[in-house]
>>> print(open('coords_23.txt').read())   # compact mmCIF, C-alpha atoms and all ligand atoms
# COMPACT_ATOMS: atom_id res chain seq x y z
CA MET A 792 -207.08 111.31 60.77
CA LYS A 793 -207.51 110.99 57.05
CA TYR A 794 -206.85 107.90 55.03
CA VAL A 795 -206.63 107.66 51.28
CA ILE A 796 -206.82 104.13 49.85
CA LEU A 797 -205.40 103.66 46.38
CA MET A 798 -207.09 100.87 44.45
CA GLY A 799 -205.99 99.40 41.15
CA ALA A 800 -204.55 96.26 39.61
CA PRO A 801 -200.82 95.41 39.77
CA GLY A 802 -199.06 97.86 37.45
CA ALA A 803 -201.80 100.50 37.60
CA GLY A 804 -199.35 102.99 39.10
CA LYS A 805 -200.42 103.00 42.75
CA GLY A 806 -196.86 103.14 44.04
CA THR A 807 -195.76 105.93 41.71
CA GLN A 808 -198.83 108.01 42.49
CA ALA A 809 -198.68 107.34 46.25
CA ARG A 810 -195.08 108.58 46.37
CA LEU A 811 -196.11 111.79 44.61
CA LEU A 812 -199.17 112.25 46.82
CA GLN A 813 -197.16 112.04 50.05
CA GLU A 814 -195.84 115.55 49.76
CA ALA A 815 -198.98 117.15 48.40
CA LEU A 816 -201.12 115.69 51.18
CA ASN A 817 -198.45 115.62 53.86
CA LEU A 818 -199.33 112.02 54.69
CA PRO A 819 -196.99 109.01 54.59
CA GLN A 820 -197.31 106.27 51.99
CA VAL A 821 -197.96 102.89 53.55
CA ALA A 822 -197.33 100.23 50.90
CA SER A 823 -197.90 96.63 51.98
CA GLY A 824 -195.70 95.25 49.16
CA ASP A 825 -192.81 97.53 50.22
CA LEU A 826 -193.23 96.48 53.85
CA PHE A 827 -193.06 92.82 52.85
CA ARG A 828 -190.02 93.44 50.63
CA HIS A 829 -188.31 95.31 53.48
CA ASN A 830 -188.89 92.34 55.78
CA LEU A 831 -187.65 89.98 53.12
CA LYS A 832 -184.46 91.95 52.65
CA ASN A 833 -183.84 91.97 56.38
CA GLN A 834 -184.62 88.26 56.60
CA THR A 835 -187.18 88.68 59.37
CA GLU A 836 -189.56 85.86 60.22
CA LEU A 837 -192.35 87.79 58.53
CA GLY A 838 -190.20 88.23 55.44
CA ARG A 839 -189.48 84.52 55.22
CA LEU A 840 -193.15 83.70 55.57
CA ALA A 841 -194.20 86.27 52.96
CA GLN A 842 -191.63 85.19 50.38
CA SER A 843 -193.25 81.90 49.43
CA TYR A 844 -196.52 83.68 48.66
CA MET A 845 -194.96 86.64 46.90
CA ASP A 846 -192.84 84.47 44.61
CA LYS A 847 -195.99 82.76 43.36
CA GLY A 848 -198.02 85.94 43.11
CA GLU A 849 -200.37 84.73 45.85
CA LEU A 850 -201.58 86.91 48.70
CA VAL A 851 -199.88 86.67 52.07
CA PRO A 852 -202.46 85.39 54.63
CA ASP A 853 -204.84 88.05 55.98
CA ASP A 854 -203.99 87.70 59.69
CA VAL A 855 -200.28 88.32 59.05
CA THR A 856 -200.93 91.21 56.66
CA ILE A 857 -203.48 92.90 58.92
CA ALA A 858 -201.14 92.67 61.93
CA MET A 859 -198.32 94.22 59.90
CA ILE A 860 -200.50 97.14 58.76
CA ARG A 861 -201.93 97.69 62.24
CA GLU A 862 -198.40 97.99 63.56
CA ARG A 863 -197.35 100.36 60.76
CA LEU A 864 -200.38 102.64 61.16
CA SER A 865 -199.65 102.90 64.89
CA ILE A 866 -196.29 104.57 64.27
CA SER A 867 -196.24 108.30 65.02
CA ASP A 868 -195.75 109.50 61.43
CA CYS A 869 -199.30 108.27 60.78
CA VAL A 870 -200.89 110.55 63.41
CA ASN A 871 -202.74 112.48 60.71
CA GLY A 872 -203.51 109.46 58.55
CA ALA A 873 -201.86 107.72 55.61
CA ILE A 874 -201.98 106.90 51.93
CA LEU A 875 -202.58 103.16 51.69
CA ASP A 876 -201.14 101.41 48.66
CA GLY A 877 -201.69 97.66 48.24
CA PHE A 878 -203.86 97.29 51.33
CA PRO A 879 -206.64 96.25 51.65
CA ARG A 880 -206.59 93.54 49.00
CA THR A 881 -209.33 91.22 50.31
CA LEU A 882 -212.75 91.80 51.79
CA SER A 883 -211.60 90.65 55.24
CA GLN A 884 -208.70 93.10 55.09
CA ALA A 885 -211.18 95.87 54.25
CA VAL A 886 -213.42 94.92 57.16
CA ALA A 887 -210.40 94.77 59.49
CA LEU A 888 -209.30 98.19 58.26
CA ASP A 889 -212.75 99.64 59.04
CA ALA A 890 -212.45 98.33 62.60
CA LEU A 891 -208.93 99.69 62.90
CA LEU A 892 -209.93 103.15 61.68
CA ALA A 893 -212.89 103.21 64.06
CA GLU A 894 -210.45 102.48 66.87
CA PHE A 895 -208.06 105.24 65.68
CA ASN A 896 -210.93 107.68 65.14
CA GLY A 897 -209.92 107.91 61.50
CA ARG A 898 -212.01 108.17 58.39
CA ILE A 899 -211.60 107.16 54.77
CA CYS A 900 -211.32 110.39 52.88
CA ALA A 901 -211.32 108.93 49.37
CA VAL A 902 -210.69 105.65 47.55
CA PRO A 903 -209.32 106.50 44.11
CA PHE A 904 -209.52 103.54 41.74
CA ILE A 905 -206.81 103.87 39.09
CA ARG A 906 -208.28 102.06 36.10
CA VAL A 907 -206.03 100.59 33.39
CA GLU A 908 -206.81 97.88 30.79
CA THR A 909 -205.24 94.46 31.41
CA ASP A 910 -203.05 94.37 28.27
CA VAL A 911 -201.53 97.74 29.19
CA LEU A 912 -200.90 96.51 32.75
CA VAL A 913 -199.12 93.36 31.61
CA ALA A 914 -196.92 95.35 29.21
CA ARG A 915 -195.99 97.77 32.02
CA LEU A 916 -195.10 94.95 34.44
CA LEU A 917 -192.93 93.20 31.85
CA LYS A 918 -191.12 96.47 31.23
CA ARG A 919 -190.65 96.97 34.98
CA ALA A 920 -189.19 93.45 35.11
CA GLU A 921 -186.46 94.54 32.69
CA ILE A 922 -185.69 97.75 34.56
CA GLU A 923 -186.04 96.85 38.25
CA GLY A 924 -185.67 93.08 38.14
CA ARG A 925 -188.34 92.51 40.81
CA ALA A 926 -188.53 88.77 41.55
CA ASP A 927 -192.31 88.64 41.05
CA ASP A 928 -192.34 90.51 37.72
CA ASN A 929 -191.97 87.44 35.48
CA GLU A 930 -194.63 86.38 33.00
CA GLU A 931 -196.05 83.47 34.97
CA THR A 932 -196.27 85.35 38.27
CA ILE A 933 -197.74 88.40 36.56
CA GLN A 934 -200.58 86.27 35.14
CA ASN A 935 -201.27 84.87 38.56
CA ARG A 936 -201.22 88.30 40.22
CA MET A 937 -203.82 89.44 37.67
CA THR A 938 -206.02 86.41 38.37
CA VAL A 939 -205.66 86.93 42.12
CA TYR A 940 -206.49 90.62 41.68
CA HIS A 941 -209.68 89.91 39.72
CA ARG A 942 -210.80 87.21 42.11
CA GLN A 943 -209.91 88.68 45.49
CA THR A 944 -209.34 92.43 45.18
CA ALA A 945 -211.68 93.67 42.44
CA PRO A 946 -214.77 93.02 44.65
CA LEU A 947 -213.49 95.79 46.94
CA ILE A 948 -214.31 98.33 44.25
CA ASP A 949 -218.01 97.70 44.84
CA TYR A 950 -217.46 97.64 48.60
CA TYR A 951 -216.09 101.19 48.53
CA ARG A 952 -218.49 102.34 45.82
CA GLU A 953 -221.37 101.39 48.11
CA LYS A 954 -219.79 103.42 50.90
CA GLY A 955 -219.77 106.42 48.55
CA VAL A 956 -216.00 106.99 48.72
CA LEU A 957 -214.86 105.51 45.38
CA VAL A 958 -213.56 107.85 42.67
CA GLU A 959 -212.54 106.43 39.29
CA ILE A 960 -209.42 107.79 37.62
CA ASP A 961 -208.20 106.91 34.13
CA GLY A 962 -204.73 105.48 34.77
CA ASP A 963 -203.76 105.23 31.10
CA GLN A 964 -202.57 108.84 30.96
CA PRO A 965 -199.24 110.56 31.69
CA ILE A 966 -198.12 110.32 35.33
CA GLU A 967 -198.59 114.07 35.94
CA GLN A 968 -202.13 114.01 34.56
CA VAL A 969 -203.10 111.07 36.75
CA GLN A 970 -201.58 112.90 39.74
CA GLN A 971 -203.59 116.05 39.03
CA GLU A 972 -206.82 114.14 38.72
CA LEU A 973 -206.07 112.26 41.92
CA LEU A 974 -205.38 115.46 43.84
CA HIS A 975 -208.55 116.99 42.52
CA ALA A 976 -210.60 113.93 43.48
CA ILE A 977 -209.07 113.79 46.96
CA GLU A 978 -209.51 117.51 47.62
CA CYS A 979 -213.13 117.35 46.56
CA ALA A 980 -213.76 114.38 48.79
CA ALA A 981 -212.01 116.04 51.73
CA GLU A 982 -214.21 119.13 51.74
P1 LIG B 1001 -198.25 94.73 42.85
O1 LIG B 1001 -199.35 95.66 43.25
O2 LIG B 1001 -197.44 95.26 41.72
O3 LIG B 1001 -198.72 93.32 42.64
P2 LIG B 1001 -197.09 94.87 45.53
O4 LIG B 1001 -195.72 95.38 45.71
O5 LIG B 1001 -198.21 95.70 46.04
O6 LIG B 1001 -197.19 94.59 43.98
O7 LIG B 1001 -197.24 93.42 46.18
C1 LIG B 1001 -196.33 92.38 45.92
C2 LIG B 1001 -196.77 91.09 46.63
O8 LIG B 1001 -196.83 91.30 48.07
C3 LIG B 1001 -198.17 90.58 46.27
O9 LIG B 1001 -198.18 89.81 45.09
C4 LIG B 1001 -198.50 89.75 47.54
O10 LIG B 1001 -197.84 88.52 47.55
C5 LIG B 1001 -197.91 90.59 48.66
N1 LIG B 1001 -198.90 91.57 49.19
C6 LIG B 1001 -198.85 92.91 49.07
N2 LIG B 1001 -199.92 93.49 49.66
C7 LIG B 1001 -200.68 92.47 50.18
C8 LIG B 1001 -201.89 92.40 50.92
N3 LIG B 1001 -202.58 93.50 51.24
N4 LIG B 1001 -202.35 91.17 51.28
C9 LIG B 1001 -201.67 90.07 50.98
N5 LIG B 1001 -200.53 90.06 50.29
C10 LIG B 1001 -200.02 91.24 49.89
>>> encode(input="coords_23.txt", output="structure tokens", more="lines below")
Ligand code: ADP
Amino acid sequence: MKYVILMGAPGAGKGTQARLLQEALNLPQVASGDLFRHNLKNQTELGRLAQSYMDKGELVPDDVTIAMIRERLSISDCVNGAILDGFPRTLSQAVALDALLAEFNGRICAVPFIRVETDVLVARLLKRAEIEGRADDNEETIQNRMTVYHRQTAPLIDYYREKGVLVEIDGDQPIEQVQQELLHAIECAAE
């Protein structure tokens, strides 16, 4: 079982790239934000719980998030692994994922870090707000998501760098170029 973990700030393009990678790698995209939004739309208990955090740009508590991902990765389309997008986002999520993968006999194949400067990220998210109208793409929430990212998620870059699986990709390039560089990085790491 092979797992690819996409790292990057909100707006870095993880979702776009994960969707494109699915076919090339023949692995499903598992996006924590999409799973939460799906629950929200269907008004599940989990969705209701997640909403208050998402609206503020805060992280949903680790225990809830980890349980949701554990359940998702246990579904049969993940037999060969998955492309993780938006998870892990905290050190305890990363540690929980390591335990989960050990249990599943899986390994982290590569952790591409899609790097984009903050001013470019904010401009992209504001543009997405106009097009998609996502509830958490307003200026105040965007600022908070950036703060939360720098405080809670950015430390994971060093965590994966120390494990020797991190690959940096310049995310301020056309989508196709980023995709090519990702594929190259993942193929190299998979050898
Ligand atoms: P983005 O990467 O653009 O911020 P996502 O769609 O990945 O957006 O996530 C939207 C929101 O869902 C986050 O702001 C957070 O509230 C919640 N969320 C997503 N992934 C996680 C996670 N791994 N842990 C906790 N909360 C999460």
>>> residues_near_ligand(input="coords_23.txt", ligand="ligand LIG 1001 (chain B)", cutoff="9 Å", atoms="only C-alpha atoms and all ligand atoms", output="PyMOL selection string")
chain A and resi 799-806+822-828+841-853+855-857+860+876-881+884+916+927-928+932-933+935-937+939-940
>>> residues_around(input="coords_23.txt", residues="Leu818 in chain A", least_positions_apart="4", cutoff="9 Å", atoms="only C-alpha atoms", output="PyMOL selection string")
chain A and resi 793-794+812-814+868-874
>>> atom_distance(input="coords_23.txt", atom1="CA of Leu974 in chain A", atom2="CA of Glu959 in chain A")
12.4 Å
>>> axis_aligned_box(input="coords_23.txt", around="range 966-980 of chain A", padding_each_side="4 Å", output="lines of an AutoDock Vina configuration file")
center_x = -205.9
center_y = 113.9
center_z = 41.7
size_x = 23.6
size_y = 15.2
size_z = 22.2
>>> residues_around(input="coords_23.txt", residues="range 969-972 of chain A", least_positions_apart="3", cutoff="8 Å", atoms="only C-alpha atoms", output="PyMOL selection string")
chain A and resi 808+811-812+960-962+964-966+975-976
>>> write_last_selection(input="coords_23.txt", atoms="C-alpha atoms", output="mmCIF file, in the frame of the given file")
data_model
loop_
_atom_site.group_PDB
_atom_site.id
_atom_site.type_symbol
_atom_site.label_atom_id
_atom_site.label_comp_id
_atom_site.auth_asym_id
_atom_site.auth_seq_id
_atom_site.Cartn_x
_atom_site.Cartn_y
_atom_site.Cartn_z
ATOM 1 C CA GLN A 808 -198.830 108.010 42.490
ATOM 2 C CA LEU A 811 -196.110 111.790 44.610
ATOM 3 C CA LEU A 812 -199.170 112.250 46.820
ATOM 4 C CA ILE A 960 -209.420 107.790 37.620
ATOM 5 C CA ASP A 961 -208.200 106.910 34.130
ATOM 6 C CA GLY A 962 -204.730 105.480 34.770
ATOM 7 C CA GLN A 964 -202.570 108.840 30.960
ATOM 8 C CA PRO A 965 -199.240 110.560 31.690
ATOM 9 C CA ILE A 966 -198.120 110.320 35.330
ATOM 10 C CA HIS A 975 -208.550 116.990 42.520
ATOM 11 C CA ALA A 976 -210.600 113.930 43.480
#
>>> atom_distance(input="coords_23.txt", atom1="CA of Asn817 in chain A", atom2="CA of Cys900 in chain A")
13.9 Å
>>> closest_residue(input="coords_23.txt", among="A:Gln968, A:Met859, A:Thr807, A:Ile977", to="Asn830 in chain A", atoms="all atoms listed in the file")
A:Met859
>>> closest_residue(input="coords_23.txt", among="A:Arg915, A:Thr909, A:Leu892, A:Met798", to="Ile948 in chain A", atoms="all atoms listed in the file")
A:Met798
>>> atom_distance(input="coords_23.txt", atom1="CA of Val795 in chain A", atom2="CA of Lys954 in chain A")
13.8 Å
>>> closest_residue(input="coords_23.txt", among="A:Val886, A:Val907, A:Val902, A:Leu831", to="Leu797 in chain A", atoms="only C-alpha atoms")
A:Val902
>>> closest_residue(input="coords_23.txt", among="A:Leu864, A:Leu837, A:Leu973, A:Ala885", to="Val821 in chain A", atoms="only C-alpha atoms")
A:Leu864
>>> closest_residue(input="coords_23.txt", among="A:Arg925, A:His941, A:Arg952, A:Arg861", to="Pro903 in chain A", atoms="all atoms listed in the file")
A:Arg952
>>> closest_residue(input="coords_23.txt", among="A:Asp889, A:Glu923, A:Asp910, A:Glu978", to="Tyr951 in chain A", atoms="all atoms listed in the file")
A:Asp889
>>> decode(input="coords_23.txt", residues="range 862-888 of chain A", atoms="N, CA and C atoms", output="CSV table (one decimal), in the first residue's frame")
chain,number,residue,atom,x,y,z
A,862,GLU,N,-11.6,5.6,9.1
A,862,GLU,CA,-12.8,5.0,8.5
A,862,GLU,C,-12.7,5.0,7.0
A,863,ARG,N,-12.3,6.2,6.5
A,863,ARG,CA,-12.2,6.4,5.0
A,863,ARG,C,-11.1,5.5,4.4
A,864,LEU,N,-10.0,5.4,5.1
A,864,LEU,CA,-8.9,4.6,4.5
A,864,LEU,C,-9.1,3.1,4.6
A,865,SER,N,-10.2,2.7,5.4
A,865,SER,CA,-10.5,1.3,5.5
A,865,SER,C,-11.4,0.8,4.4
A,866,ILE,N,-12.0,1.8,3.6
A,866,ILE,CA,-12.9,1.4,2.6
A,866,ILE,C,-12.1,0.8,1.4
A,867,SER,N,-12.7,-0.2,0.7
A,867,SER,CA,-12.0,-1.0,-0.2
A,867,SER,C,-11.3,-0.3,-1.4
A,868,ASP,N,-11.7,0.9,-1.8
A,868,ASP,CA,-11.0,1.6,-2.9
A,868,ASP,C,-9.6,2.0,-2.4
A,869,CYS,N,-9.3,1.9,-1.1
A,869,CYS,CA,-8.0,2.3,-0.7
A,869,CYS,C,-7.1,1.1,-0.5
A,870,VAL,N,-7.4,0.0,-1.1
A,870,VAL,CA,-6.6,-1.2,-0.8
A,870,VAL,C,-5.2,-1.0,-1.2
A,871,ASN,N,-4.9,-0.2,-2.3
A,871,ASN,CA,-3.6,0.0,-2.7
A,871,ASN,C,-2.9,1.2,-2.2
A,872,GLY,N,-3.7,2.0,-1.4
A,872,GLY,CA,-3.2,3.2,-0.8
A,872,GLY,C,-4.1,4.4,-1.2
A,873,ALA,N,-3.5,5.6,-1.0
A,873,ALA,CA,-4.4,6.8,-1.3
A,873,ALA,C,-3.5,8.0,-1.4
A,874,ILE,N,-4.1,9.1,-2.0
A,874,ILE,CA,-3.4,10.4,-2.0
A,874,ILE,C,-4.1,11.2,-0.9
A,875,LEU,N,-3.4,11.6,0.1
A,875,LEU,CA,-4.0,12.3,1.2
A,875,LEU,C,-3.8,13.8,1.0
A,876,ASP,N,-4.9,14.5,1.1
A,876,ASP,CA,-5.0,16.0,0.8
A,876,ASP,C,-5.7,16.6,2.0
A,877,GLY,N,-4.9,17.4,2.8
A,877,GLY,CA,-5.5,18.1,3.9
A,877,GLY,C,-5.3,17.3,5.3
A,878,PHE,N,-4.8,16.1,5.2
A,878,PHE,CA,-4.5,15.3,6.4
A,878,PHE,C,-3.2,14.7,6.2
A,879,PRO,N,-2.3,14.7,7.2
A,879,PRO,CA,-2.4,15.2,8.5
A,879,PRO,C,-2.1,16.7,8.5
A,880,ARG,N,-2.7,17.4,9.5
A,880,ARG,CA,-2.5,18.9,9.6
A,880,ARG,C,-2.0,19.2,11.0
A,881,THR,N,-1.8,18.3,11.9
A,881,THR,CA,-1.1,18.5,13.2
A,881,THR,C,-0.2,17.4,13.4
A,882,LEU,N,0.7,17.6,14.4
A,882,LEU,CA,1.7,16.6,14.7
A,882,LEU,C,1.0,15.3,15.2
A,883,SER,N,0.0,15.5,16.0
A,883,SER,CA,-0.7,14.3,16.5
A,883,SER,C,-1.4,13.5,15.4
A,884,GLN,N,-1.9,14.2,14.4
A,884,GLN,CA,-2.5,13.5,13.3
A,884,GLN,C,-1.4,12.8,12.5
A,885,ALA,N,-0.2,13.3,12.4
A,885,ALA,CA,0.8,12.7,11.7
A,885,ALA,C,1.3,11.4,12.4
A,886,VAL,N,1.3,11.5,13.7
A,886,VAL,CA,1.7,10.3,14.6
A,886,VAL,C,0.7,9.3,14.5
A,887,ALA,N,-0.6,9.7,14.5
A,887,ALA,CA,-1.7,8.7,14.4
A,887,ALA,C,-1.7,8.1,13.0
A,888,LEU,N,-1.4,8.8,12.0
A,888,LEU,CA,-1.3,8.3,10.6
A,888,LEU,C,-0.2,7.2,10.6
